Amino acid sequence: MPKQEPELMKDIVSLCKRRGIIYPNSEIYGGFANTWDYGPYGVLLKNNVKKIWWEEMVQKRADIVGLDSAILMNPKVWEASGHLKEFHDPLIDCKKCKQRFKADDITDAKCPNCKGELTEAKEFQLMFKTFVGPVEEDKSVTYLRPETAQGIFTNFKNVLDSTRVKLPFGIAQIGKAFRNEITPGNFTFRTLEFEQFELEYFVYPKSADAEFKKWRQARFDWYISLGIAKNKLRFQDHDKKDLAHYAKAVTDVEYEFPFGWSELEGIANRGDYDLAQHQKVSGQDLAYFDEETKEKLLPFVIEPSGGVDRATLAFLVDAYAEESVSSKSSPPAGGGVGGGGSETRTVLRLHPKLAPIKAAILPLVKKDPKLVKIAKEIYEELKPHFFVEYDEDGTVGKRYRRQDEIGTPFCITIDSDSLTDKTVTIRHRDSMKQGRVKITDLLSWITDQLK
Ligand code: ATP
């Protein structure tokens with residue numbers, strides 16, 4: 001039977017630490033709540049998520065440009081955006097164990113942790129406040145941005161004036177955002193510091209509904225195209241009556257994590273709220289001049305706003321599998337776990353495009369200098385093209401298992417036949433099937449698999 005929460009999440013967290021994917025932050029000092037660090041394989045995985053999003057959103061589209069705006073901004077931005085006034089959560093404290101909860105998560109009058117008495121709900125600002133300059137005084141207050149989107153709106157005019165964009169067009173950005181969150185501790189799902197990928201797609205007001213529908217579907221399909229199981233993904237349309245005052249429509253794309261259905265990304269039709277607000281508070285004209293009609297207008301904006309860390313976590317969780325395999329299925333001749341019987345293998349069935357390491361190069365035996373020489377030559381040839389790993393230590397079976405656990409889709413084994421026929425064995429992570437490929441074809445063979 002498949003494992004369920006909390007055991008499954010525990011196993012994933014432990015694999016992530018054991019294999020250098022995600023570590024607890026500041027661990028040698030006892031950790032730091034709701035903060036995690038990406039290890040050597042985790043950073044590759046997360047970079048792949050960002051790279052694929054950027055390729056899809058910016059590189060392959062003539063109508064979208066990129067941006068990288070600063071984390072610290074003039075505090076007026078947060079006044080205009082409404083964050084200073086609206087961006088807070090009602091929180092409740094337990095008088096006995098002092099734990100703090102979101103009011104939304106409290107279902108009865110007692111503390112869920114110790115059944116102690118609870119305080120009234122108090123509003124809690126989610127933005128981190130900081131000070132610019134040598135003195136901590138009100139005049140020097142600014143905030144760590146809680147979203148990347150505002151840097152896009154404040155640069156709207158700059159992009160219009162410095163590029164050739166015409167409606168409809170988008171500005172995309174990937175960057176860090178910060179929120180002083182109280183969380184139930186679902187690993188990297190909700191953290192104090194996280195990365196967002198956000199697109200602001202500016203459209204004529206009359207086409208906003210149709211564009212909203214297009215982006216809603218496109219963002220759902222993106223997760224599927226990268227291997228997320230379709231039955232684990234759903235749309236959650238917000239009720240019209242629950243929408244924030246500026247939003248005309250909002251849909252979340254949700255994933256079924258072991259801890260329940262939770263938001264990966266929100267797609268919103270925000271009307272002209274943001275540009276109108278910044279125009280009002282800054283006193284600058286942010287209108288778009290339409291060359292054809294010779295009219296000025298404030299475009300509407302469709303915003304697909306997702307979390308890089310949440311997407312990465314969903315890809316990890318969805319890829320995680322434990323399966324019983326026969327011990328014989330591991331090694332080719334000579335290597336091995338040996339014998340009959342069965343064993344459990346843990347495997348990350350990541351889409352090859354997401355996998356941190358694309359191929360591992362394994363000489364069958366370390367002691368044979370001829371095999372080692374060929375293996376090292378192959379490693380040198382492939383490494384300028386993709387992340388590959390050379391590993392000669394331990395049995396081939398054990399080396400396969402290690403690569404399975406970090407999601408490497410292909411293991412290339414060099415054996416005695418390689419010396420004569422100039423071919424190698426390629427072992428596929430998911431099926432564990434093996435086939436032979438000519439050494440001279442390896443680069444194009446792997447390149448094809450990553451398309
Ligand atoms: P939630 O309801 O889960 O708090 P939200 O609706 O406040 O999310 P948005 O403000 O719409 O989130 O932010 C867009 C995206 O940024 C979210 O869909 C999520 O992927 C990501 N995100 C937001 N807050 C966090 C966080 N604390 N940690 C990790 N990712 C986050």
# chains A, B, ... in the order shown; residues from 1 in each chain; ligands from 1
call {"tool": "residues_near_ligand", "arguments": {"ligand": "ligand 1", "cutoff": "9 Å", "atoms": "only C-alpha atoms and all ligand atoms", "output": "number ranges by chain"}}
result
A: 34, 146-147, 177-183, 188-198, 252-254, 262-268, 304-311
call {"tool": "write_last_selection", "arguments": {"atoms": "N, CA and C atoms", "output": "short mmCIF file (atom, residue, chain, number, x, y, z; two decimals), in the first residue's frame"}}
result
data_model
loop_
_atom_site.label_atom_id
_atom_site.label_comp_id
_atom_site.auth_asym_id
_atom_site.auth_seq_id
_atom_site.Cartn_x
_atom_site.Cartn_y
_atom_site.Cartn_z
N ASN A 34 11.06 27.23 9.64
CA ASN A 34 10.49 27.48 8.31
C ASN A 34 11.49 28.02 7.30
N PRO A 146 7.14 41.21 -0.34
CA PRO A 146 6.41 39.97 -0.11
C PRO A 146 5.98 39.31 -1.41
N GLU A 147 6.26 39.96 -2.54
CA GLU A 147 5.98 39.39 -3.87
C GLU A 147 6.85 40.13 -4.87
N ALA A 177 11.09 36.39 -2.44
CA ALA A 177 10.07 37.16 -1.72
C ALA A 177 10.10 36.66 -0.28
N PHE A 178 9.57 37.47 0.62
CA PHE A 178 9.70 37.20 2.06
C PHE A 178 8.36 37.43 2.75
N ARG A 179 7.97 36.51 3.59
CA ARG A 179 6.74 36.72 4.38
C ARG A 179 6.96 36.14 5.77
N ASN A 180 6.55 36.92 6.75
CA ASN A 180 6.71 36.48 8.14
C ASN A 180 5.58 35.50 8.48
N GLU A 181 5.72 34.28 7.99
CA GLU A 181 4.63 33.30 8.02
C GLU A 181 4.61 32.47 9.30
N ILE A 182 3.44 32.16 9.75
CA ILE A 182 3.26 31.15 10.79
C ILE A 182 2.86 29.88 10.04
N THR A 183 3.57 28.82 10.23
CA THR A 183 3.26 27.68 9.37
C THR A 183 3.14 26.37 10.14
N THR A 188 9.12 22.57 2.69
CA THR A 188 9.35 23.85 2.00
C THR A 188 8.07 24.46 1.45
N PHE A 189 6.92 23.91 1.82
CA PHE A 189 5.67 24.42 1.23
C PHE A 189 5.43 25.89 1.59
N ARG A 190 5.63 26.22 2.84
CA ARG A 190 5.43 27.62 3.27
C ARG A 190 6.64 28.04 4.10
N THR A 191 7.42 28.94 3.56
CA THR A 191 8.65 29.34 4.23
C THR A 191 8.71 30.86 4.37
N LEU A 192 9.63 31.33 5.17
CA LEU A 192 9.77 32.77 5.38
C LEU A 192 10.34 33.44 4.14
N GLU A 193 11.25 32.73 3.51
CA GLU A 193 11.95 33.24 2.34
C GLU A 193 11.70 32.25 1.22
N PHE A 194 11.25 32.72 0.07
CA PHE A 194 10.95 31.79 -1.02
C PHE A 194 11.13 32.51 -2.34
N GLU A 195 11.07 31.72 -3.40
CA GLU A 195 11.19 32.34 -4.72
C GLU A 195 9.86 32.24 -5.45
N GLN A 196 9.55 33.29 -6.18
CA GLN A 196 8.33 33.27 -6.99
C GLN A 196 8.70 33.34 -8.46
N PHE A 197 7.86 32.74 -9.31
CA PHE A 197 7.91 33.09 -10.73
C PHE A 197 6.58 33.75 -11.05
N GLU A 198 6.69 34.98 -11.50
CA GLU A 198 5.47 35.75 -11.72
C GLU A 198 5.48 36.35 -13.11
N ASP A 252 -6.84 28.97 -8.46
CA ASP A 252 -5.59 28.37 -8.00
C ASP A 252 -5.39 27.04 -8.71
N VAL A 253 -4.13 26.74 -9.02
CA VAL A 253 -3.80 25.38 -9.44
C VAL A 253 -3.32 24.69 -8.18
N GLU A 254 -3.98 23.60 -7.83
CA GLU A 254 -3.63 22.90 -6.58
C GLU A 254 -3.05 21.51 -6.86
N SER A 262 -3.27 21.61 -1.90
CA SER A 262 -2.73 22.92 -1.54
C SER A 262 -2.29 23.68 -2.79
N GLU A 263 -2.33 25.01 -2.67
CA GLU A 263 -2.05 25.88 -3.83
C GLU A 263 -0.60 25.81 -4.30
N LEU A 264 -0.46 25.64 -5.62
CA LEU A 264 0.87 25.75 -6.24
C LEU A 264 1.05 27.12 -6.86
N GLU A 265 -0.03 27.61 -7.42
CA GLU A 265 0.06 28.83 -8.21
C GLU A 265 -1.32 29.46 -8.29
N GLY A 266 -1.37 30.78 -8.29
CA GLY A 266 -2.65 31.47 -8.45
C GLY A 266 -2.66 32.22 -9.77
N ILE A 267 -3.78 32.15 -10.49
CA ILE A 267 -3.91 32.91 -11.73
C ILE A 267 -5.04 33.91 -11.49
N ALA A 268 -4.74 35.21 -11.69
CA ALA A 268 -5.75 36.22 -11.34
C ALA A 268 -5.93 37.22 -12.48
N PRO A 304 -0.33 35.10 -13.65
CA PRO A 304 -0.02 33.77 -13.12
C PRO A 304 1.15 33.91 -12.15
N SER A 305 0.91 33.61 -10.87
CA SER A 305 1.93 33.82 -9.85
C SER A 305 2.18 32.52 -9.09
N GLY A 306 3.37 31.98 -9.27
CA GLY A 306 3.65 30.68 -8.66
C GLY A 306 4.87 30.72 -7.77
N GLY A 307 5.05 29.67 -7.01
CA GLY A 307 6.20 29.57 -6.11
C GLY A 307 7.17 28.53 -6.66
N VAL A 308 8.43 28.94 -6.82
CA VAL A 308 9.44 28.01 -7.34
C VAL A 308 9.64 26.86 -6.34
N ASP A 309 9.65 27.21 -5.05
CA ASP A 309 9.90 26.16 -4.03
C ASP A 309 8.72 25.19 -3.94
N ARG A 310 7.52 25.74 -4.06
CA ARG A 310 6.34 24.86 -4.02
C ARG A 310 6.29 23.96 -5.24
N ALA A 311 6.62 24.52 -6.41
CA ALA A 311 6.63 23.69 -7.62
C ALA A 311 7.69 22.61 -7.45
#
call {"tool": "residues_around", "arguments": {"residues": "stretch 165-176 of chain A", "least_positions_apart": "6", "cutoff": "9 Å", "atoms": "only C-alpha atoms", "output": "tab-separated table (two decimals) with C-alpha atoms, in the first residue's frame"}}
result
chain	number	residue	atom	x	y	z
A	50	LYS	CA	13.40	28.16	-13.03
A	54	TRP	CA	12.01	31.12	-18.11
A	57	MET	CA	7.67	32.26	-20.56
A	58	VAL	CA	10.39	34.49	-22.00
A	62	ALA	CA	7.96	37.19	-28.70
A	63	ASP	CA	5.34	38.93	-26.53
A	64	ILE	CA	7.00	38.53	-23.10
A	65	VAL	CA	10.12	40.22	-21.75
A	66	GLY	CA	12.04	39.50	-18.54
A	67	LEU	CA	12.94	41.65	-15.57
A	68	ASP	CA	15.03	41.43	-12.41
A	69	SER	CA	13.97	44.14	-9.97
A	70	ALA	CA	15.35	44.85	-6.51
A	71	ILE	CA	14.04	43.25	-3.31
A	145	ARG	CA	9.18	42.51	-0.76
A	146	PRO	CA	6.41	39.97	-0.11
A	147	GLU	CA	5.98	39.39	-3.87
A	148	THR	CA	7.96	40.17	-7.01
A	149	ALA	CA	4.98	41.59	-8.91
A	151	GLY	CA	8.70	45.55	-9.26
A	152	ILE	CA	6.99	44.75	-12.55
A	156	PHE	CA	5.78	49.21	-16.54
A	159	VAL	CA	9.58	48.75	-20.27
A	193	GLU	CA	11.95	33.24	2.34
A	194	PHE	CA	10.95	31.79	-1.02
A	195	GLU	CA	11.19	32.34	-4.72
A	196	GLN	CA	8.33	33.27	-6.99
A	197	PHE	CA	7.91	33.09	-10.73
A	198	GLU	CA	5.47	35.75	-11.72
A	199	LEU	CA	4.13	36.95	-15.01
A	200	GLU	CA	2.12	40.14	-15.46
A	201	TYR	CA	0.42	39.85	-18.82
A	202	PHE	CA	-1.06	43.19	-19.93
A	203	VAL	CA	-4.10	43.04	-22.20
A	204	TYR	CA	-6.89	45.16	-23.66
A	288	TYR	CA	-0.51	52.96	-22.58
A	290	ASP	CA	-2.57	52.77	-28.51
A	299	PRO	CA	-4.42	47.88	-19.62
A	301	VAL	CA	-3.46	42.48	-16.24
A	302	ILE	CA	-3.59	38.69	-15.99
A	308	VAL	CA	9.44	28.01	-7.34
call {"tool": "atom_distance", "arguments": {"atom1": "atom CA of A:Arg219", "atom2": "atom CA of A:Phe410"}}
result
28.6 Å
call {"tool": "atom_distance", "arguments": {"atom1": "atom CA of A:Gly42", "atom2": "atom CA of A:Thr312"}}
result
9.0 Å
call {"tool": "residues_around", "arguments": {"residues": "stretch 429-441 of chain A", "least_positions_apart": "5", "cutoff": "7 Å", "atoms": "only C-alpha atoms", "output": "ChimeraX atom specification"}}
result
/A:349,404,408-410,422-424
call {"tool": "write_last_selection", "arguments": {"atoms": "N, CA and C atoms", "output": "short mmCIF file (atom, residue, chain, number, x, y, z; two decimals), in the first residue's frame"}}
result
data_model
loop_
_atom_site.label_atom_id
_atom_site.label_comp_id
_atom_site.auth_asym_id
_atom_site.auth_seq_id
_atom_site.Cartn_x
_atom_site.Cartn_y
_atom_site.Cartn_z
N ARG A 349 11.29 9.61 -9.76
CA ARG A 349 11.00 9.52 -11.20
C ARG A 349 10.81 10.93 -11.78
N ASP A 404 19.35 6.39 -8.58
CA ASP A 404 17.88 6.33 -8.54
C ASP A 404 17.36 7.33 -7.52
N THR A 408 18.51 10.39 -11.34
CA THR A 408 19.28 10.38 -12.59
C THR A 408 18.62 9.43 -13.61
N PRO A 409 18.19 9.94 -14.76
CA PRO A 409 17.43 9.07 -15.66
C PRO A 409 18.25 7.99 -16.36
N PHE A 410 19.57 8.23 -16.55
CA PHE A 410 20.36 7.26 -17.31
C PHE A 410 21.68 6.95 -16.61
N LYS A 422 33.12 -0.86 -28.70
CA LYS A 422 32.95 0.60 -28.53
C LYS A 422 31.50 1.00 -28.25
N THR A 423 30.83 0.16 -27.48
CA THR A 423 29.47 0.51 -27.03
C THR A 423 29.45 0.50 -25.51
N VAL A 424 28.39 1.08 -24.94
CA VAL A 424 28.21 1.06 -23.48
C VAL A 424 26.79 0.62 -23.16
#
call {"tool": "closest_residue", "arguments": {"among": "A:Leu72, A:Leu275, A:Leu126, A:Ile52", "to": "A:Phe153", "atoms": "only C-alpha atoms"}}
result
A:Leu275
call {"tool": "atom_distance", "arguments": {"atom1": "atom CA of A:Asp108", "atom2": "atom CA of A:Phe257"}}
result
24.9 Å
call {"tool": "select_by_dssp", "arguments": {"residues": "stretch 191-431 of chain A", "states": "strand (DSSP E or B)", "output": "PyMOL selection string"}}
result
chain A and resi 193-203+233-237+249-257+260-269+288-290+295-297+300-307+320-326+342-348+359-363+388-390+410-414+423-428
call {"tool": "decode", "arguments": {"residues": "stretch 281-309 of chain A", "atoms": "N, CA, C and O atoms", "output": "PDB file, in the first residue's frame"}}
result
ATOM      1  N   VAL A 281      -0.817  57.060  -6.591  1.00  0.00           N
ATOM      2  CA  VAL A 281       0.096  57.373  -5.482  1.00  0.00           C
ATOM      3  C   VAL A 281       1.385  58.052  -5.975  1.00  0.00           C
ATOM      4  O   VAL A 281       1.910  58.945  -5.326  1.00  0.00           O
ATOM      5  N   SER A 282       1.876  57.665  -7.172  1.00  0.00           N
ATOM      6  CA  SER A 282       3.135  58.262  -7.653  1.00  0.00           C
ATOM      7  C   SER A 282       2.891  59.581  -8.384  1.00  0.00           C
ATOM      8  O   SER A 282       3.815  60.374  -8.560  1.00  0.00           O
ATOM      9  N   GLY A 283       1.667  59.795  -8.855  1.00  0.00           N
ATOM     10  CA  GLY A 283       1.372  60.992  -9.636  1.00  0.00           C
ATOM     11  C   GLY A 283       1.932  60.922 -11.055  1.00  0.00           C
ATOM     12  O   GLY A 283       1.922  61.913 -11.791  1.00  0.00           O
ATOM     13  N   GLN A 284       2.428  59.757 -11.472  1.00  0.00           N
ATOM     14  CA  GLN A 284       2.980  59.603 -12.831  1.00  0.00           C
ATOM     15  C   GLN A 284       1.920  59.015 -13.757  1.00  0.00           C
ATOM     16  O   GLN A 284       1.102  58.204 -13.332  1.00  0.00           O
ATOM     17  N   ASP A 285       2.003  59.399 -15.011  1.00  0.00           N
ATOM     18  CA  ASP A 285       1.063  58.863 -16.004  1.00  0.00           C
ATOM     19  C   ASP A 285       1.541  57.466 -16.443  1.00  0.00           C
ATOM     20  O   ASP A 285       2.624  57.329 -17.015  1.00  0.00           O
ATOM     21  N   LEU A 286       0.770  56.454 -16.142  1.00  0.00           N
ATOM     22  CA  LEU A 286       1.183  55.089 -16.505  1.00  0.00           C
ATOM     23  C   LEU A 286       0.335  54.519 -17.649  1.00  0.00           C
ATOM     24  O   LEU A 286       0.307  53.306 -17.869  1.00  0.00           O
ATOM     25  N   ALA A 287      -0.352  55.397 -18.363  1.00  0.00           N
ATOM     26  CA  ALA A 287      -1.238  54.909 -19.429  1.00  0.00           C
ATOM     27  C   ALA A 287      -0.442  54.406 -20.629  1.00  0.00           C
ATOM     28  O   ALA A 287       0.689  54.833 -20.871  1.00  0.00           O
ATOM     29  N   TYR A 288      -1.068  53.521 -21.345  1.00  0.00           N
ATOM     30  CA  TYR A 288      -0.509  52.959 -22.583  1.00  0.00           C
ATOM     31  C   TYR A 288      -1.142  53.709 -23.741  1.00  0.00           C
ATOM     32  O   TYR A 288      -2.362  53.914 -23.767  1.00  0.00           O
ATOM     33  N   PHE A 289      -0.305  54.122 -24.699  1.00  0.00           N
ATOM     34  CA  PHE A 289      -0.857  54.830 -25.854  1.00  0.00           C
ATOM     35  C   PHE A 289      -1.033  53.849 -27.005  1.00  0.00           C
ATOM     36  O   PHE A 289      -0.077  53.212 -27.449  1.00  0.00           O
ATOM     37  N   ASP A 290      -2.277  53.712 -27.440  1.00  0.00           N
ATOM     38  CA  ASP A 290      -2.566  52.775 -28.512  1.00  0.00           C
ATOM     39  C   ASP A 290      -2.387  53.466 -29.858  1.00  0.00           C
ATOM     40  O   ASP A 290      -3.122  54.403 -30.180  1.00  0.00           O
ATOM     41  N   GLU A 291      -1.386  52.994 -30.628  1.00  0.00           N
ATOM     42  CA  GLU A 291      -1.048  53.642 -31.908  1.00  0.00           C
ATOM     43  C   GLU A 291      -2.214  53.606 -32.888  1.00  0.00           C
ATOM     44  O   GLU A 291      -2.420  54.546 -33.655  1.00  0.00           O
ATOM     45  N   GLU A 292      -2.970  52.518 -32.867  1.00  0.00           N
ATOM     46  CA  GLU A 292      -4.039  52.375 -33.859  1.00  0.00           C
ATOM     47  C   GLU A 292      -5.223  53.280 -33.592  1.00  0.00           C
ATOM     48  O   GLU A 292      -5.691  54.008 -34.454  1.00  0.00           O
ATOM     49  N   THR A 293      -5.703  53.233 -32.339  1.00  0.00           N
ATOM     50  CA  THR A 293      -6.903  54.031 -32.031  1.00  0.00           C
ATOM     51  C   THR A 293      -6.542  55.456 -31.591  1.00  0.00           C
ATOM     52  O   THR A 293      -7.412  56.296 -31.437  1.00  0.00           O
ATOM     53  N   LYS A 294      -5.237  55.670 -31.374  1.00  0.00           N
ATOM     54  CA  LYS A 294      -4.741  56.966 -30.871  1.00  0.00           C
ATOM     55  C   LYS A 294      -5.353  57.312 -29.506  1.00  0.00           C
ATOM     56  O   LYS A 294      -5.588  58.473 -29.190  1.00  0.00           O
ATOM     57  N   GLU A 295      -5.657  56.259 -28.744  1.00  0.00           N
ATOM     58  CA  GLU A 295      -6.245  56.502 -27.421  1.00  0.00           C
ATOM     59  C   GLU A 295      -5.294  56.039 -26.333  1.00  0.00           C
ATOM     60  O   GLU A 295      -4.485  55.133 -26.537  1.00  0.00           O
ATOM     61  N   LYS A 296      -5.455  56.655 -25.154  1.00  0.00           N
ATOM     62  CA  LYS A 296      -4.685  56.202 -23.993  1.00  0.00           C
ATOM     63  C   LYS A 296      -5.571  55.301 -23.140  1.00  0.00           C
ATOM     64  O   LYS A 296      -6.769  55.572 -23.009  1.00  0.00           O
ATOM     65  N   LEU A 297      -4.972  54.261 -22.586  1.00  0.00           N
ATOM     66  CA  LEU A 297      -5.764  53.391 -21.709  1.00  0.00           C
ATOM     67  C   LEU A 297      -4.869  52.748 -20.656  1.00  0.00           C
ATOM     68  O   LEU A 297      -3.646  52.652 -20.834  1.00  0.00           O
ATOM     69  N   LEU A 298      -5.495  52.321 -19.561  1.00  0.00           N
ATOM     70  CA  LEU A 298      -4.775  51.502 -18.579  1.00  0.00           C
ATOM     71  C   LEU A 298      -5.120  50.055 -18.900  1.00  0.00           C
ATOM     72  O   LEU A 298      -6.292  49.662 -18.813  1.00  0.00           O
ATOM     73  N   PRO A 299      -4.124  49.285 -19.293  1.00  0.00           N
ATOM     74  CA  PRO A 299      -4.422  47.881 -19.617  1.00  0.00           C
ATOM     75  C   PRO A 299      -4.906  47.108 -18.387  1.00  0.00           C
ATOM     76  O   PRO A 299      -4.618  47.515 -17.257  1.00  0.00           O
ATOM     77  N   PHE A 300      -5.606  46.003 -18.627  1.00  0.00           N
ATOM     78  CA  PHE A 300      -5.892  45.047 -17.561  1.00  0.00           C
ATOM     79  C   PHE A 300      -4.701  44.095 -17.485  1.00  0.00           C
ATOM     80  O   PHE A 300      -3.919  43.998 -18.428  1.00  0.00           O
ATOM     81  N   VAL A 301      -4.594  43.405 -16.352  1.00  0.00           N
ATOM     82  CA  VAL A 301      -3.462  42.484 -16.241  1.00  0.00           C
ATOM     83  C   VAL A 301      -3.925  41.103 -15.753  1.00  0.00           C
ATOM     84  O   VAL A 301      -4.769  40.987 -14.873  1.00  0.00           O
ATOM     85  N   ILE A 302      -3.368  40.079 -16.414  1.00  0.00           N
ATOM     86  CA  ILE A 302      -3.592  38.693 -15.986  1.00  0.00           C
ATOM     87  C   ILE A 302      -2.291  38.244 -15.330  1.00  0.00           C
ATOM     88  O   ILE A 302      -1.219  38.379 -15.924  1.00  0.00           O
ATOM     89  N   GLU A 303      -2.411  37.708 -14.118  1.00  0.00           N
ATOM     90  CA  GLU A 303      -1.210  37.375 -13.354  1.00  0.00           C
ATOM     91  C   GLU A 303      -1.152  35.890 -12.980  1.00  0.00           C
ATOM     92  O   GLU A 303      -1.865  35.478 -12.073  1.00  0.00           O
ATOM     93  N   PRO A 304      -0.334  35.100 -13.646  1.00  0.00           N
ATOM     94  CA  PRO A 304      -0.022  33.767 -13.119  1.00  0.00           C
ATOM     95  C   PRO A 304       1.155  33.908 -12.145  1.00  0.00           C
ATOM     96  O   PRO A 304       2.242  34.302 -12.542  1.00  0.00           O
ATOM     97  N   SER A 305       0.909  33.610 -10.874  1.00  0.00           N
ATOM     98  CA  SER A 305       1.928  33.821  -9.852  1.00  0.00           C
ATOM     99  C   SER A 305       2.179  32.520  -9.091  1.00  0.00           C
ATOM    100  O   SER A 305       1.291  32.024  -8.394  1.00  0.00           O
ATOM    101  N   GLY A 306       3.372  31.984  -9.266  1.00  0.00           N
ATOM    102  CA  GLY A 306       3.652  30.676  -8.658  1.00  0.00           C
ATOM    103  C   GLY A 306       4.874  30.724  -7.768  1.00  0.00           C
ATOM    104  O   GLY A 306       5.653  31.678  -7.778  1.00  0.00           O
ATOM    105  N   GLY A 307       5.052  29.667  -7.005  1.00  0.00           N
ATOM    106  CA  GLY A 307       6.200  29.565  -6.114  1.00  0.00           C
ATOM    107  C   GLY A 307       7.170  28.532  -6.660  1.00  0.00           C
ATOM    108  O   GLY A 307       6.791  27.393  -6.931  1.00  0.00           O
ATOM    109  N   VAL A 308       8.425  28.935  -6.818  1.00  0.00           N
ATOM    110  CA  VAL A 308       9.441  28.010  -7.335  1.00  0.00           C
ATOM    111  C   VAL A 308       9.638  26.857  -6.343  1.00  0.00           C
ATOM    112  O   VAL A 308       9.740  25.692  -6.724  1.00  0.00           O
ATOM    113  N   ASP A 309       9.647  27.205  -5.046  1.00  0.00           N
ATOM    114  CA  ASP A 309       9.901  26.161  -4.032  1.00  0.00           C
ATOM    115  C   ASP A 309       8.721  25.190  -3.941  1.00  0.00           C
ATOM    116  O   ASP A 309       8.908  23.993  -3.773  1.00  0.00           O
TER     117      ASP A 309
END
